[in-house]
Amino acid sequence: MTSAIQMVDITKTFPGVTANDNIDFSVDKAEIHGLLGENGAGKSVLMSILYGLYKPDSGDILVDGEKVDISGPSDAMRLGIGMVHQHFMLVPSLTVVENVILGREPTVNGVTLDMERMLRDVAESCKRYKLDVDIEAPVYQLPVGVQQRVEILKALYRGADVLILDEPTSVLTPGETEELFNAVRELKADGKTVIFISHKLREVLAICDRITVLKRGKVVGTVLAAETGEGQLAEMMVGRKIVYEFTKEAECGLEPVLRLEGLECLSDRGIPALRGLDLDLCGSEILGVAGVEGNGQTELVEAVMGLRELTGGSVKLDGQDITDTQPKTRIQMGVSHIPEDRHKRAIVPDFSVLENLVLGSQRDRFTRNGVSIDFAEAKRFSTDMINDYQIATPGPETLIRYLSGGNQQRVVVAREFSRDPPVVIAAQPTRGLDVGATEYVRRKLVEMRDHGAGVLLISADLDEIWALSDRVAVIYEGSIVAVKAVDETDVQEIGLLMAGGGNE
Amino acid sequence: MSERLTAAVRRVFGGGDGLQGLMIQVAAILIAFIVGAAVLAVTGYSPVDAYVSMASGAFGSSYGVGQTLTQATPIVFTSIAFLIGLKAGLFNIGIEGQFLMGAMGATLAGVYLDGLPWVIHVPLTILVGMIAGALWSLIPAVLKSRFDAHEVITTMMLSYVATHFTSYLVNYPFKAPGWVAQSLKISGSAELPRILPPTQLSAAIFVAVIVTVASTYFLQKTIMGYELRATGLNPSAAENAGISIDRNILVSMALSGAVAGLGGACEVMGIHRRFIQGFSPGYGWDGLAVALVGGLNPVGSFFASVLFGALRSGGMIMTRATGVPLDIVKILQALVIMFVAAPKLIRALLRRER
């Protein structure tokens, strides 16, 4: 049997990094093939080469046994290769149908859009692959999980036989993940080939037939899902055993370090996002905030950091009212923040690692005269941080955008935690990170707690909340509907509360 | 590329791409000259003769060098003014207006603050010019930070306002006696000395060098410069780090206007010694293009200004010596800008050559 895709001896280097080092990778027809590896292992680069986004330095690509030259996504599409990116590429104001046909519009006479055919075709694909989507709704109204289905539809509509899914579950709730898996199995039954990029062991094991593990740009091996387990995969990825269990503490002083009272604010679209939110964060605890995305988590974080205007309520730090202070003041008072959207809020991609480490402390720690930046000190600090936090970078002067996601996050964590803050706001701190980096960030969060910091952990990943939190708060439609000690509740109860099933 | 070398180039030239960026810039300029040679050849002139006489005209004698630097000086200021705004993510395309307001401010200070010793009068005149430019650029800055008015529109419109307003001033209230629409001559104590007679080169070139060095230091080493660049590259992350976006809009626009105003002041104090209506052939507008050619950093802008100055001064010699029309200079300028604006094209060409 010929493989659907064969990548032979692929090498790709970037300044200072070999992203793919003589990689051999092949996928059978009608197979669900997992591509597993830590961030920076070269998964995304390899798939970007297959999709024509990067040109390999050397190596061949064979589709259905024939050597091909893929110099752009249009070539890939022509060869029946489709890709669903981690960040969706949809036009929010257009409907589902319009997004799906975009670039391949069926016309009546070469000019006028054939609306009927559009609707019919797309509805048919939905039915065939059991993808449940309201195809006439504008995309911005749809939840993330549904938007992802639109991306899959789009790829299928372009005639994809091989579908690359790049970290597809990183944005999904557990329920949505299950639906995605059903759809993927449906695709396989229809003879489609799926390449499933992930770093979540359990998911890869649940859905894939075979799994190829990458590490530092090289193939560690390819294994049958049925013949392996989480332990073996994790060891292949990281090269050592992984510990996820942490000890819990639940002591709380008399005065909470952070007290939020009756917070109210509007979302970007002008709708009430926080509706009288109350929450106390104690020192030496990790308080997990669980909730389905879009229930006010983003606004909660921005309200605490002073990045969003409040329409009501107050924020108190150590008993001191900081409701009307600038973000700068809050940072100086010791509120650290790991933003949920790394590229948007946390880093300046075109700054060097050093410049990113300085960000936020440029006016105190890294200046001696209040005018210029003490680059000697910044350099010393960066070198220390690169060693302490094991940031894989050619050096402090390298632009941070050349680093992998996990290493970028290490820079952010290093910067925020080095201030020794009494309060840490960690929003989706391990989103998109690999096993090694996830474990690292989590351990650091626990370390901060053990040093006495109050950690507010906002995460869409219930496993993460469970693994780390001393207490769990559930956010639903802009307010906290319940706060429970972790050992007095269970996943079912929290899940129910997240879905709005709580009645206090 | 070794990390250290790239970092060093990045420090001096400030760009994100370091050495590679510099190479692309130089390659773009070379390619422009090659295409220019083709244009010359097709129209029946010898490219070699033209370029040789242009180069020797621009750099072959102290007179040529003087003229080249004279032409380059005002563009050094306007290009650096533009890039300071751009570093904070602002398209201040109204440099011309700020340049003229600076020139007018300096003229009035030079003419009417009479009787001061030059050690006071010169810096004072320069300062007034800078303040005039800064105030003019603060109008769009306030409009943006307060009302979200887009600076491309407001700066451009205010530039026309400045052109006509200064022209009104030298036609009516401050008109010198005579036929020409110009102000009175500034007092001798406010003049910048000529340093290479008979050329018009004045001490303004030293001011330009100081501005180049100072703005490089400012952008790369100071807290304000750092915050300004962070704002330009990722406003959300800057805000998250406690940097005020609104404050940076005001700071960068004021600095941008001040440098433009300084350019206008130097042009008056060093060359014309008075405000003559229409004395600027569009130095402000040239600044935008030259800043791009210079890779959006002060040192690069300085050299790009010298290149443009050389094209102009050498071009005149070339026309006299070889009969090639002066228009070829404009074509060359346009080609340089075009190729610099198309870095992807240059990258593709460079790759093919390898």
# chains A, B, ... in the order shown; residues from 1 in each chain; ligands from 1

call {"tool": "residues_around", "arguments": {"residues": "segment 41-47 of chain B", "least_positions_apart": "2", "cutoff": "12 Å", "atoms": "only C-alpha atoms", "output": "CSV table (one decimal) with N, CA and C atoms, in the first residue's frame"}}
result
chain,number,residue,atom,x,y,z
B,33,PHE,N,20.2,51.7,-9.2
B,33,PHE,CA,21.2,52.3,-10.1
B,33,PHE,C,21.4,51.4,-11.4
B,34,ILE,N,21.3,50.1,-11.2
B,34,ILE,CA,21.4,49.3,-12.4
B,34,ILE,C,20.3,49.5,-13.4
B,35,VAL,N,19.1,49.6,-12.8
B,35,VAL,CA,17.9,49.9,-13.7
B,35,VAL,C,18.0,51.3,-14.3
B,36,GLY,N,18.5,52.2,-13.4
B,36,GLY,CA,18.8,53.6,-13.9
B,36,GLY,C,19.7,53.6,-15.1
B,37,ALA,N,20.8,52.7,-15.0
B,37,ALA,CA,21.7,52.6,-16.1
B,37,ALA,C,21.0,52.2,-17.4
B,38,ALA,N,20.1,51.2,-17.3
B,38,ALA,CA,19.4,50.7,-18.4
B,38,ALA,C,18.6,51.9,-19.0
B,39,VAL,N,17.9,52.7,-18.2
B,39,VAL,CA,17.1,53.8,-18.7
B,39,VAL,C,18.0,54.7,-19.4
B,49,ASP,N,29.5,57.3,-18.3
B,49,ASP,CA,29.8,58.7,-18.2
B,49,ASP,C,28.9,59.5,-17.2
B,50,ALA,N,27.6,59.1,-17.3
B,50,ALA,CA,26.7,59.9,-16.4
B,50,ALA,C,27.0,59.6,-15.0
B,51,TYR,N,27.2,58.3,-14.6
B,51,TYR,CA,27.4,58.0,-13.2
B,51,TYR,C,28.8,58.6,-12.7
B,52,VAL,N,29.8,58.5,-13.6
B,52,VAL,CA,31.1,59.0,-13.2
B,52,VAL,C,31.0,60.5,-13.0
B,53,SER,N,30.4,61.2,-13.9
B,53,SER,CA,30.3,62.6,-13.7
B,53,SER,C,29.5,63.0,-12.5
B,54,MET,N,28.4,62.2,-12.3
B,54,MET,CA,27.6,62.4,-11.1
B,54,MET,C,28.4,62.2,-9.8
B,55,ALA,N,29.1,61.1,-9.8
B,55,ALA,CA,29.8,60.8,-8.6
B,55,ALA,C,31.0,61.8,-8.3
B,318,MET,N,26.4,66.6,-13.6
B,318,MET,CA,26.2,65.6,-14.7
B,318,MET,C,25.5,66.3,-15.9
B,319,THR,N,24.5,67.0,-15.6
B,319,THR,CA,23.7,67.6,-16.7
B,319,THR,C,24.6,68.6,-17.5
B,322,THR,N,27.5,66.2,-19.3
B,322,THR,CA,27.2,65.2,-20.3
B,322,THR,C,25.9,65.5,-21.0
B,323,GLY,N,25.2,66.5,-20.6
B,323,GLY,CA,23.9,66.8,-21.3
B,323,GLY,C,22.8,65.8,-20.9
B,324,VAL,N,23.0,64.9,-20.0
B,324,VAL,CA,21.9,64.1,-19.6
B,324,VAL,C,20.9,64.9,-18.8
B,325,PRO,N,19.6,64.8,-19.2
B,325,PRO,CA,18.7,65.7,-18.5
B,325,PRO,C,18.6,65.4,-17.0
B,328,ILE,N,16.8,62.5,-14.9
B,328,ILE,CA,17.3,61.1,-14.5
B,328,ILE,C,17.5,61.0,-13.0

call {"tool": "interface_residues", "arguments": {"of": "chain A", "to": "chain B", "cutoff": "10 Å", "atoms": "only C-alpha atoms", "output": "mmCIF file with C-alpha atoms, in the first residue's frame"}}
result
data_model
loop_
_atom_site.group_PDB
_atom_site.id
_atom_site.type_symbol
_atom_site.label_atom_id
_atom_site.label_comp_id
_atom_site.auth_asym_id
_atom_site.auth_seq_id
_atom_site.Cartn_x
_atom_site.Cartn_y
_atom_site.Cartn_z
ATOM 1 C CA PRO A 15 18.757 31.426 12.129
ATOM 2 C CA GLY A 16 20.272 29.609 15.092
ATOM 3 C CA GLU A 302 -8.194 43.010 32.608
ATOM 4 C CA MET A 305 -4.772 44.601 35.952
ATOM 5 C CA GLY A 306 -6.418 47.990 35.366
ATOM 6 C CA LEU A 307 -6.629 47.438 31.628
ATOM 7 C CA GLN A 326 -2.982 52.844 36.569
ATOM 8 C CA PRO A 327 -1.695 49.457 35.378
ATOM 9 C CA LYS A 328 1.821 50.757 36.033
ATOM 10 C CA THR A 329 1.055 51.304 39.723
ATOM 11 C CA ARG A 330 -0.461 47.861 40.094
ATOM 12 C CA ILE A 331 2.572 46.227 38.544
ATOM 13 C CA GLN A 332 4.819 48.175 40.900
ATOM 14 C CA SER A 336 2.046 39.971 38.177
ATOM 15 C CA HIS A 337 0.230 38.867 35.100
ATOM 16 C CA ILE A 338 0.649 36.004 32.675
ATOM 17 C CA PRO A 339 -1.720 37.049 29.887
ATOM 18 C CA ASP A 341 -2.968 35.743 24.693
ATOM 19 C CA ARG A 342 0.788 35.605 24.610
ATOM 20 C CA HIS A 343 1.262 37.349 21.286
ATOM 21 C CA LYS A 344 -1.210 40.087 21.976
ATOM 22 C CA ARG A 345 -0.511 41.006 25.565
ATOM 23 C CA ALA A 346 2.605 39.332 26.865
ATOM 24 C CA ILE A 347 5.446 39.822 24.433
ATOM 25 C CA VAL A 348 6.689 42.206 21.798
ATOM 26 C CA PRO A 349 7.632 39.753 19.022
ATOM 27 C CA ASP A 350 10.137 42.110 17.385
ATOM 28 C CA PHE A 351 11.933 42.791 20.642
ATOM 29 C CA SER A 352 14.834 40.627 21.751
ATOM 30 C CA GLU A 355 14.066 43.596 25.799
ATOM 31 C CA ASN A 356 11.066 41.408 26.570
ATOM 32 C CA VAL A 358 12.884 44.195 30.766
ATOM 33 C CA LEU A 359 9.299 45.009 29.794
ATOM 34 C CA GLY A 360 7.366 46.407 32.742
ATOM 35 C CA SER A 361 10.425 46.964 34.948
ATOM 36 C CA GLN A 362 12.168 49.458 32.688
ATOM 37 C CA ARG A 363 11.432 52.302 35.091
ATOM 38 C CA PHE A 366 16.626 48.400 34.967
ATOM 39 C CA THR A 367 17.582 52.011 35.349
ATOM 40 C CA GLY A 370 15.717 57.268 35.591
ATOM 41 C CA VAL A 371 16.600 58.225 32.017
ATOM 42 C CA SER A 372 18.380 55.409 30.278
ATOM 43 C CA ILE A 373 18.134 51.666 30.543
ATOM 44 C CA ASP A 374 20.950 49.878 32.302
ATOM 45 C CA PHE A 375 21.706 47.369 29.576
ATOM 46 C CA PRO A 394 20.809 31.352 20.937
ATOM 47 C CA GLY A 395 21.268 34.334 23.268
ATOM 48 C CA PRO A 396 19.613 37.284 24.975
ATOM 49 C CA GLU A 397 19.822 39.383 21.798
ATOM 50 C CA THR A 398 17.756 36.990 19.686
ATOM 51 C CA LEU A 399 14.342 38.273 18.696
#

call {"tool": "closest_residue", "arguments": {"among": "B:Ser305, B:Thr212, B:Ser167, B:Ser189", "to": "Gly278 of chain B", "atoms": "only C-alpha atoms"}}
result
B:Ser167

call {"tool": "closest_residue", "arguments": {"among": "B:Val268, B:Ile153, B:Ile80, B:Met316", "to": "Leu292 of chain B", "atoms": "only C-alpha atoms"}}
result
B:Ile80

call {"tool": "closest_residue", "arguments": {"among": "B:Ile195, B:Ala81, B:Ala204, B:Ile276", "to": "Asn171 of chain B", "atoms": "only C-alpha atoms"}}
result
B:Ile276

call {"tool": "decode", "arguments": {"residues": "segment 99-152 of chain B", "atoms": "C-alpha atoms", "output": "compact mmCIF listing (two decimals), in the first residue's frame"}}
result
# COMPACT_ATOMS: atom_id res chain seq x y z
CA PHE B 99 9.42 71.93 9.35
CA LEU B 100 7.91 75.20 8.07
CA MET B 101 6.51 76.16 11.48
CA GLY B 102 9.95 75.54 12.97
CA ALA B 103 11.52 77.68 10.28
CA MET B 104 8.99 80.43 10.97
CA GLY B 105 9.49 80.25 14.73
CA ALA B 106 13.24 80.48 14.31
CA THR B 107 12.91 83.35 11.85
CA LEU B 108 10.81 85.39 14.23
CA ALA B 109 13.17 84.66 17.11
CA GLY B 110 16.14 85.46 14.91
CA VAL B 111 14.71 88.74 13.68
CA TYR B 112 12.98 90.13 16.74
CA LEU B 113 15.04 88.90 19.71
CA ASP B 114 17.78 91.25 18.67
CA GLY B 115 20.79 92.38 20.63
CA LEU B 116 21.70 89.11 22.27
CA PRO B 117 25.19 87.61 22.13
CA TRP B 118 25.33 84.67 19.69
CA VAL B 119 26.02 82.09 22.43
CA ILE B 120 22.51 82.85 23.70
CA HIS B 121 20.81 83.87 20.48
CA VAL B 122 21.70 80.77 18.45
CA PRO B 123 20.48 78.18 20.97
CA LEU B 124 17.44 80.31 21.77
CA THR B 125 16.50 80.57 18.09
CA ILE B 126 16.96 76.84 17.67
CA LEU B 127 14.84 76.21 20.75
CA VAL B 128 12.01 78.42 19.50
CA GLY B 129 12.08 76.56 16.18
CA MET B 130 11.86 73.21 17.94
CA ILE B 131 9.02 74.35 20.16
CA ALA B 132 7.11 75.72 17.16
CA GLY B 133 7.46 72.38 15.35
CA ALA B 134 6.53 70.41 18.45
CA LEU B 135 3.44 72.51 19.17
CA TRP B 136 2.28 72.06 15.59
CA SER B 137 2.64 68.27 15.81
CA LEU B 138 0.96 68.17 19.20
CA ILE B 139 -2.33 69.24 17.64
CA PRO B 140 -2.79 65.94 15.75
CA ALA B 141 -1.33 64.08 18.74
CA VAL B 142 -4.00 65.45 21.06
CA LEU B 143 -6.67 64.86 18.46
CA LYS B 144 -5.58 61.25 18.27
CA SER B 145 -5.19 60.48 21.95
CA ARG B 146 -8.40 62.30 22.87
CA PHE B 147 -10.70 61.69 19.93
CA ASP B 148 -9.09 58.87 17.97
CA ALA B 149 -8.63 61.11 14.93
CA HIS B 150 -6.31 59.32 12.53
CA GLU B 151 -2.95 61.06 12.34
CA VAL B 152 -2.48 60.44 8.62
